[in-house]
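Student: Data file my_file-v3.txt (compact mmCIF, N, CA and C atoms) is appended below.
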# COMPACT_ATOMS: atom_id res chain seq x y z
N MET A 1 185.41 43.05 142.02
CA MET A 1 185.33 41.70 141.50
C MET A 1 185.93 41.70 140.09
N ASP A 2 186.74 40.71 139.81
CA ASP A 2 187.34 40.63 138.48
C ASP A 2 186.34 40.03 137.48
N ASP A 3 186.59 40.24 136.21
CA ASP A 3 185.67 39.80 135.15
C ASP A 3 185.46 38.29 135.16
N GLN A 4 186.49 37.52 135.35
CA GLN A 4 186.35 36.06 135.33
C GLN A 4 185.44 35.59 136.46
N THR A 5 185.60 36.15 137.64
CA THR A 5 184.74 35.77 138.76
C THR A 5 183.30 36.15 138.47
N ARG A 6 183.08 37.34 137.92
CA ARG A 6 181.73 37.78 137.56
C ARG A 6 181.09 36.82 136.56
N ILE A 7 181.85 36.43 135.54
CA ILE A 7 181.36 35.50 134.53
C ILE A 7 180.99 34.16 135.17
N GLU A 8 181.84 33.67 136.06
CA GLU A 8 181.58 32.40 136.73
C GLU A 8 180.33 32.47 137.61
N LEU A 9 180.14 33.59 138.30
CA LEU A 9 178.94 33.76 139.13
C LEU A 9 177.68 33.86 138.26
N GLU A 10 177.77 34.58 137.16
CA GLU A 10 176.63 34.68 136.24
C GLU A 10 176.28 33.30 135.67
N ALA A 11 177.29 32.54 135.31
CA ALA A 11 177.06 31.19 134.78
C ALA A 11 176.43 30.29 135.85
N ALA A 12 176.88 30.42 137.08
CA ALA A 12 176.30 29.62 138.17
C ALA A 12 174.84 30.01 138.40
N ALA A 13 174.54 31.29 138.33
CA ALA A 13 173.15 31.74 138.50
C ALA A 13 172.28 31.22 137.36
N PHE A 14 172.78 31.24 136.13
CA PHE A 14 172.04 30.70 134.99
C PHE A 14 171.77 29.21 135.19
N ARG A 15 172.79 28.46 135.61
CA ARG A 15 172.59 27.02 135.84
C ARG A 15 171.57 26.78 136.94
N ALA A 16 171.58 27.59 137.98
CA ALA A 16 170.60 27.44 139.06
C ALA A 16 169.19 27.72 138.55
N LEU A 17 169.04 28.75 137.73
CA LEU A 17 167.73 29.06 137.14
C LEU A 17 167.27 27.91 136.26
N ARG A 18 168.16 27.42 135.40
CA ARG A 18 167.81 26.31 134.53
C ARG A 18 167.40 25.09 135.34
N ASP A 19 168.17 24.73 136.34
CA ASP A 19 167.84 23.57 137.18
C ASP A 19 166.51 23.76 137.89
N HIS A 20 166.26 24.96 138.38
CA HIS A 20 165.01 25.24 139.06
C HIS A 20 163.83 25.02 138.11
N LEU A 21 163.93 25.56 136.90
CA LEU A 21 162.82 25.44 135.94
C LEU A 21 162.68 24.04 135.36
N MET A 22 163.78 23.32 135.23
CA MET A 22 163.75 22.02 134.57
C MET A 22 163.56 20.85 135.52
N GLU A 23 163.89 21.04 136.79
CA GLU A 23 163.82 19.93 137.73
C GLU A 23 162.84 20.16 138.87
N LYS A 24 162.83 21.37 139.42
CA LYS A 24 162.00 21.63 140.59
C LYS A 24 160.62 22.15 140.23
N ARG A 25 160.49 22.85 139.11
CA ARG A 25 159.21 23.47 138.75
C ARG A 25 158.76 23.11 137.33
N THR A 26 158.79 21.81 137.05
CA THR A 26 158.32 21.37 135.74
C THR A 26 156.83 21.60 135.58
N ASP A 27 156.15 21.85 136.70
CA ASP A 27 154.70 22.12 136.65
C ASP A 27 154.38 23.50 136.09
N VAL A 28 155.33 24.41 136.12
CA VAL A 28 155.10 25.76 135.61
C VAL A 28 155.13 25.70 134.09
N GLN A 29 154.07 26.16 133.48
CA GLN A 29 153.94 26.10 132.03
C GLN A 29 154.69 27.25 131.37
N ASN A 30 155.31 26.97 130.23
CA ASN A 30 156.01 28.02 129.47
C ASN A 30 155.08 29.18 129.15
N ILE A 31 153.85 28.88 128.76
CA ILE A 31 152.93 29.94 128.37
C ILE A 31 152.62 30.86 129.55
N ASP A 32 152.53 30.31 130.75
CA ASP A 32 152.28 31.14 131.94
C ASP A 32 153.49 32.02 132.24
N MET A 33 154.69 31.46 132.09
CA MET A 33 155.89 32.26 132.30
C MET A 33 155.94 33.41 131.30
N MET A 34 155.66 33.12 130.03
CA MET A 34 155.71 34.15 129.00
C MET A 34 154.67 35.22 129.27
N ASN A 35 153.47 34.80 129.63
CA ASN A 35 152.40 35.76 129.86
C ASN A 35 152.66 36.64 131.08
N LEU A 36 153.29 36.09 132.10
CA LEU A 36 153.54 36.85 133.33
C LEU A 36 154.88 37.58 133.34
N ALA A 37 155.92 36.93 132.83
CA ALA A 37 157.27 37.48 132.96
C ALA A 37 157.88 37.97 131.64
N GLY A 38 157.26 37.60 130.53
CA GLY A 38 157.80 38.03 129.24
C GLY A 38 158.93 37.18 128.73
N PHE A 39 159.18 36.03 129.36
CA PHE A 39 160.17 35.07 128.87
C PHE A 39 159.79 33.69 129.40
N CYS A 40 160.34 32.67 128.76
CA CYS A 40 160.07 31.30 129.19
C CYS A 40 161.32 30.45 128.93
N ARG A 41 161.19 29.17 129.12
CA ARG A 41 162.32 28.26 128.88
C ARG A 41 162.81 28.36 127.43
N ASN A 42 161.86 28.48 126.50
CA ASN A 42 162.26 28.59 125.09
C ASN A 42 163.07 29.85 124.85
N CYS A 43 162.71 30.94 125.51
CA CYS A 43 163.49 32.18 125.39
C CYS A 43 164.91 31.95 125.90
N LEU A 44 165.03 31.28 127.03
CA LEU A 44 166.36 31.00 127.58
C LEU A 44 167.19 30.17 126.61
N SER A 45 166.57 29.19 125.97
CA SER A 45 167.31 28.39 125.00
C SER A 45 167.66 29.22 123.77
N ARG A 46 166.78 30.14 123.37
CA ARG A 46 167.07 31.02 122.23
C ARG A 46 168.23 31.95 122.56
N TRP A 47 168.26 32.49 123.78
CA TRP A 47 169.36 33.36 124.18
C TRP A 47 170.68 32.59 124.19
N TYR A 48 170.62 31.33 124.58
CA TYR A 48 171.79 30.46 124.55
C TYR A 48 172.27 30.30 123.11
N GLN A 49 171.33 30.02 122.20
CA GLN A 49 171.65 29.88 120.78
C GLN A 49 172.25 31.16 120.23
N GLU A 50 171.65 32.29 120.54
CA GLU A 50 172.15 33.58 120.04
C GLU A 50 173.57 33.84 120.54
N ALA A 51 173.84 33.52 121.80
CA ALA A 51 175.18 33.71 122.36
C ALA A 51 176.18 32.82 121.62
N ALA A 52 175.78 31.58 121.34
CA ALA A 52 176.67 30.68 120.59
C ALA A 52 176.92 31.23 119.19
N ASN A 53 175.86 31.62 118.51
CA ASN A 53 176.00 32.14 117.14
C ASN A 53 176.87 33.38 117.10
N GLU A 54 176.74 34.27 118.10
CA GLU A 54 177.55 35.49 118.15
C GLU A 54 179.04 35.16 118.30
N ARG A 55 179.32 33.99 118.84
CA ARG A 55 180.72 33.57 119.03
C ARG A 55 181.19 32.66 117.90
N GLY A 56 180.41 32.58 116.82
CA GLY A 56 180.80 31.78 115.67
C GLY A 56 180.51 30.30 115.80
N ILE A 57 179.74 29.91 116.80
CA ILE A 57 179.35 28.51 116.99
C ILE A 57 177.99 28.32 116.32
N GLU A 58 177.95 27.46 115.31
CA GLU A 58 176.69 27.22 114.61
C GLU A 58 175.80 26.35 115.48
N MET A 59 174.60 26.86 115.73
CA MET A 59 173.64 26.13 116.55
C MET A 59 172.26 26.57 116.09
N ASP A 60 171.38 25.61 115.83
CA ASP A 60 170.02 25.97 115.46
C ASP A 60 169.10 25.88 116.67
N LYS A 61 167.85 26.26 116.46
CA LYS A 61 166.89 26.30 117.56
C LYS A 61 166.72 24.93 118.22
N ALA A 62 166.61 23.88 117.41
CA ALA A 62 166.41 22.54 117.96
C ALA A 62 167.61 22.11 118.80
N GLN A 63 168.82 22.41 118.33
CA GLN A 63 170.02 22.05 119.09
C GLN A 63 170.07 22.80 120.41
N ALA A 64 169.78 24.09 120.38
CA ALA A 64 169.81 24.89 121.60
C ALA A 64 168.77 24.40 122.60
N ARG A 65 167.58 24.08 122.10
CA ARG A 65 166.55 23.58 123.00
C ARG A 65 166.95 22.24 123.62
N GLU A 66 167.55 21.37 122.83
CA GLU A 66 167.96 20.08 123.38
C GLU A 66 169.04 20.25 124.45
N ILE A 67 169.96 21.18 124.24
CA ILE A 67 170.97 21.47 125.25
C ILE A 67 170.30 22.00 126.52
N PHE A 68 169.40 22.97 126.36
CA PHE A 68 168.76 23.58 127.52
C PHE A 68 167.84 22.60 128.25
N TYR A 69 167.00 21.89 127.49
CA TYR A 69 166.02 20.97 128.10
C TYR A 69 166.64 19.65 128.53
N GLY A 70 167.82 19.32 128.00
CA GLY A 70 168.45 18.05 128.35
C GLY A 70 167.85 16.88 127.60
N MET A 71 167.02 17.15 126.62
CA MET A 71 166.37 16.15 125.78
C MET A 71 165.71 16.90 124.64
N PRO A 72 165.27 16.20 123.60
CA PRO A 72 164.54 16.92 122.55
C PRO A 72 163.34 17.65 123.14
N PHE A 73 163.11 18.88 122.67
CA PHE A 73 162.03 19.70 123.22
C PHE A 73 160.69 18.98 123.18
N GLU A 74 160.41 18.30 122.08
CA GLU A 74 159.11 17.63 121.94
C GLU A 74 158.89 16.62 123.05
N GLU A 75 159.96 15.91 123.43
CA GLU A 75 159.88 14.92 124.51
C GLU A 75 159.56 15.61 125.85
N TRP A 76 160.27 16.71 126.13
CA TRP A 76 160.02 17.44 127.37
C TRP A 76 158.60 18.00 127.39
N ARG A 77 158.20 18.59 126.27
CA ARG A 77 156.85 19.15 126.16
C ARG A 77 155.80 18.08 126.43
N ASP A 78 155.95 16.91 125.82
CA ASP A 78 154.97 15.83 126.01
C ASP A 78 154.92 15.36 127.47
N GLN A 79 156.04 15.43 128.17
CA GLN A 79 156.10 14.98 129.56
C GLN A 79 155.56 16.02 130.55
N HIS A 80 155.70 17.32 130.22
CA HIS A 80 155.46 18.34 131.24
C HIS A 80 154.47 19.44 130.89
N GLN A 81 154.22 19.68 129.63
CA GLN A 81 153.35 20.80 129.27
C GLN A 81 151.92 20.34 129.03
N THR A 82 150.99 21.23 129.28
CA THR A 82 149.57 20.94 129.05
C THR A 82 149.05 21.90 127.99
N GLU A 83 147.93 21.57 127.41
CA GLU A 83 147.32 22.42 126.38
C GLU A 83 146.78 23.68 127.04
N ALA A 84 147.06 24.82 126.45
CA ALA A 84 146.60 26.11 126.98
C ALA A 84 145.23 26.43 126.41
N ASP A 85 144.41 27.05 127.23
CA ASP A 85 143.08 27.45 126.75
C ASP A 85 143.20 28.68 125.84
N ALA A 86 142.09 29.04 125.21
CA ALA A 86 142.09 30.14 124.24
C ALA A 86 142.52 31.46 124.86
N GLY A 87 142.13 31.72 126.10
CA GLY A 87 142.52 32.95 126.79
C GLY A 87 144.02 33.06 126.96
N LYS A 88 144.65 31.97 127.41
CA LYS A 88 146.11 31.98 127.59
C LYS A 88 146.81 32.11 126.25
N GLN A 89 146.27 31.48 125.22
CA GLN A 89 146.89 31.58 123.89
C GLN A 89 146.81 33.01 123.35
N ALA A 90 145.70 33.69 123.60
CA ALA A 90 145.57 35.09 123.16
C ALA A 90 146.56 35.98 123.91
N GLU A 91 146.67 35.76 125.24
CA GLU A 91 147.65 36.52 126.04
C GLU A 91 149.06 36.27 125.53
N PHE A 92 149.34 35.00 125.19
CA PHE A 92 150.67 34.64 124.71
C PHE A 92 151.00 35.37 123.42
N LYS A 93 150.05 35.45 122.52
CA LYS A 93 150.30 36.13 121.24
C LYS A 93 150.73 37.58 121.49
N GLU A 94 150.06 38.25 122.42
CA GLU A 94 150.41 39.63 122.76
C GLU A 94 151.77 39.68 123.46
N ALA A 95 151.99 38.79 124.43
CA ALA A 95 153.26 38.78 125.17
C ALA A 95 154.43 38.48 124.25
N PHE A 96 154.24 37.54 123.33
CA PHE A 96 155.30 37.19 122.40
C PHE A 96 155.65 38.38 121.51
N ALA A 97 154.64 39.02 120.96
CA ALA A 97 154.87 40.18 120.09
C ALA A 97 155.59 41.30 120.85
N ARG A 98 155.19 41.52 122.09
CA ARG A 98 155.76 42.59 122.90
C ARG A 98 157.21 42.28 123.32
N ASN A 99 157.49 41.02 123.62
CA ASN A 99 158.79 40.66 124.20
C ASN A 99 159.78 40.03 123.23
N VAL A 100 159.27 39.41 122.16
CA VAL A 100 160.15 38.70 121.24
C VAL A 100 160.09 39.30 119.85
N GLY A 101 158.91 39.56 119.37
CA GLY A 101 158.73 40.10 118.02
C GLY A 101 157.44 39.56 117.43
N ASP A 102 157.16 39.98 116.22
CA ASP A 102 155.90 39.61 115.59
C ASP A 102 155.90 38.26 114.91
N THR A 103 157.04 37.61 114.78
CA THR A 103 157.08 36.36 114.01
C THR A 103 157.24 35.17 114.93
N ALA A 104 156.15 34.49 115.25
CA ALA A 104 156.19 33.26 116.06
C ALA A 104 156.43 32.08 115.14
N LYS A 105 157.36 31.21 115.55
CA LYS A 105 157.64 30.00 114.76
C LYS A 105 157.46 28.80 115.62
Take the structure in the file and write it out as structure tokens.

Tutor:
Amino acid sequence: MDDQTRIELEAAAFRALRDHLMEKRTDVQNIDMMNLAGFCRNCLSRWYQEAANERGIEMDKAQAREIFYGMPFEEWRDQHQTEADAGKQAEFKEAFARNVGDTAK
């Protein structure tokens, strides 16, 4: 397989994952994804931002999230996310430190 075809297939797989999480499984909470899989929608938007920044495209966290979510993150959160209980929040703190780093923003 040539590099261009591989890139196109990887991009198609990313779009399918994004569509699945944003349209078909809006019921799945980010905190549950992070606690179980070590990544969530916000991680995917951060990876998008990092890829843009590595290529010299200036993009901040809010811009990347809006591109990924298709709307401002706060709007999507208000429509689809629920408040996590103390147990899930404690698990998240550990999962975030293990998978992302010690500085949650």

Student: Output, as JSON, the centre and edge lengths in Å (one decimal) of the axis-aligned box that contains all listed atoms of region 64-83 of chain A with 3 Å of margin on each side.

Tutor:
{"center_x": 158.9, "center_y": 19.9, "center_z": 125.8, "size_x": 30.2, "size_y": 16.0, "size_z": 16.9}

Student: Tell me which protein, DNA and RNA residues are within 12 Å of Trp47 (chain A), counting only C-alpha atoms, leaving out same-chain ones fewer than 4 positions away, and put them as a list of chain:residue names.

Tutor: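 Answer for this query is A:Phe14, A:Phe39, A:Cys40, A:Arg41, A:Asn42, A:Cys43, A:Ala51, A:Ala52, A:Asn53, A:Glu54, A:Met59, A:Asp60, A:Lys61, A:Ala64, A:Arg65, A:Phe68, A:Val100.
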
Student: Which residues, written as a ChimeraX atom specification, have at least one atom at most 7 Å from His80 (chain A), with all atoms listed in the file counted and residues fewer than 6 positions away on the same chain left out?

Tutor: /A:26-27,29

Student: Could you dump the residues just selected with N, CA and C atoms as a CSV table (one decimal), in the coordinates of the input?

Tutor:
chain,number,residue,atom,x,y,z
A,26,THR,N,158.8,21.8,137.0
A,26,THR,CA,158.3,21.4,135.7
A,26,THR,C,156.8,21.6,135.6
A,27,ASP,N,156.2,21.8,136.7
A,27,ASP,CA,154.7,22.1,136.6
A,27,ASP,C,154.4,23.5,136.1
A,29,GLN,N,154.1,26.2,133.5
A,29,GLN,CA,153.9,26.1,132.0
A,29,GLN,C,154.7,27.2,131.4

Student: Run DSSP on the backbone of this structure and report the residues of region 8-78 of chain A it assigns to helix (DSSP H, G or I), as a ChimeraX atom specification.

Tutor: /A:8-24,30-37,41-54,61-69,73-78

Student: I'd like the neighbourhood of Arg98 (chain A) as a PDB file with N, CA and C atoms, in the coordinates of the input, where a residue qualifies if any of its atoms comes within 12 Å (using only C-alpha atoms), though same-chain residues fewer than 6 positions away should be ignored.

Tutor:
ATOM      1  N   MET A  34     155.660  33.120 130.030  1.00  0.00           N
ATOM      2  CA  MET A  34     155.710  34.150 129.000  1.00  0.00           C
ATOM      3  C   MET A  34     154.670  35.220 129.270  1.00  0.00           C
ATOM      4  N   ASN A  35     153.470  34.800 129.630  1.00  0.00           N
ATOM      5  CA  ASN A  35     152.400  35.760 129.860  1.00  0.00           C
ATOM      6  C   ASN A  35     152.660  36.640 131.080  1.00  0.00           C
ATOM      7  N   ALA A  37     155.920  36.930 132.830  1.00  0.00           N
ATOM      8  CA  ALA A  37     157.270  37.480 132.960  1.00  0.00           C
ATOM      9  C   ALA A  37     157.880  37.970 131.640  1.00  0.00           C
ATOM     10  N   GLY A  38     157.260  37.600 130.530  1.00  0.00           N
ATOM     11  CA  GLY A  38     157.800  38.030 129.240  1.00  0.00           C
ATOM     12  C   GLY A  38     158.930  37.180 128.730  1.00  0.00           C
ATOM     13  N   PHE A  39     159.180  36.030 129.360  1.00  0.00           N
ATOM     14  CA  PHE A  39     160.170  35.070 128.870  1.00  0.00           C
ATOM     15  C   PHE A  39     159.790  33.690 129.400  1.00  0.00           C
ATOM     16  N   GLU A  91     146.670  35.760 125.240  1.00  0.00           N
ATOM     17  CA  GLU A  91     147.650  36.520 126.040  1.00  0.00           C
ATOM     18  C   GLU A  91     149.060  36.270 125.530  1.00  0.00           C
ATOM     19  N   PHE A  92     149.340  35.000 125.190  1.00  0.00           N
ATOM     20  CA  PHE A  92     150.670  34.640 124.710  1.00  0.00           C
ATOM     21  C   PHE A  92     151.000  35.370 123.420  1.00  0.00           C
ATOM     22  N   ALA A 104     156.150  34.490 115.250  1.00  0.00           N
ATOM     23  CA  ALA A 104     156.190  33.260 116.060  1.00  0.00           C
ATOM     24  C   ALA A 104     156.430  32.080 115.140  1.00  0.00           C
TER      25      ALA A 104
END

Student: Mind giving me the straight-line distance from CA of Met71 (chain A) to CA of Ala95 (chain A) in Å, one decimal?

Tutor: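 Atom-to-atom, CA of Met71 (chain A) and CA of Ala95 (chain A) are spaced 26.2 Å apart.
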
Student: Can you work out the spacing between CA of Arg15 (chain A) and CA of Pro72 (chain A) in Å, to one decimal?

Tutor: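 Value for the CA of Arg15 (chain A)-CA of Pro72 (chain A) distance: 18.5 Å.
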
Student: Using only C-alpha atoms, which of A:Arg6, A:Arg55, A:Lys93, A:Arg46 sits nearest Ile31 (chain A)?

Tutor: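 Going through A:Arg6, A:Arg55, A:Lys93, A:Arg46 one by one, the smallest distance to Ile31 (chain A) is for A:Lys93.
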
Student: When you draw a straight line from atom N of Arg18 (chain A) to atom C of Gly87 (chain A), how long is it in Å?

Tutor: 26.2 Å

Student: When you count only C-alpha atoms, which of these residues is closest to Arg25 (chain A): A:Thr5, A:Gln81, A:Gln63, A:Gln49?

Tutor: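 Checking each candidate against Arg25 (chain A), we get A:Gln81 as the closest.
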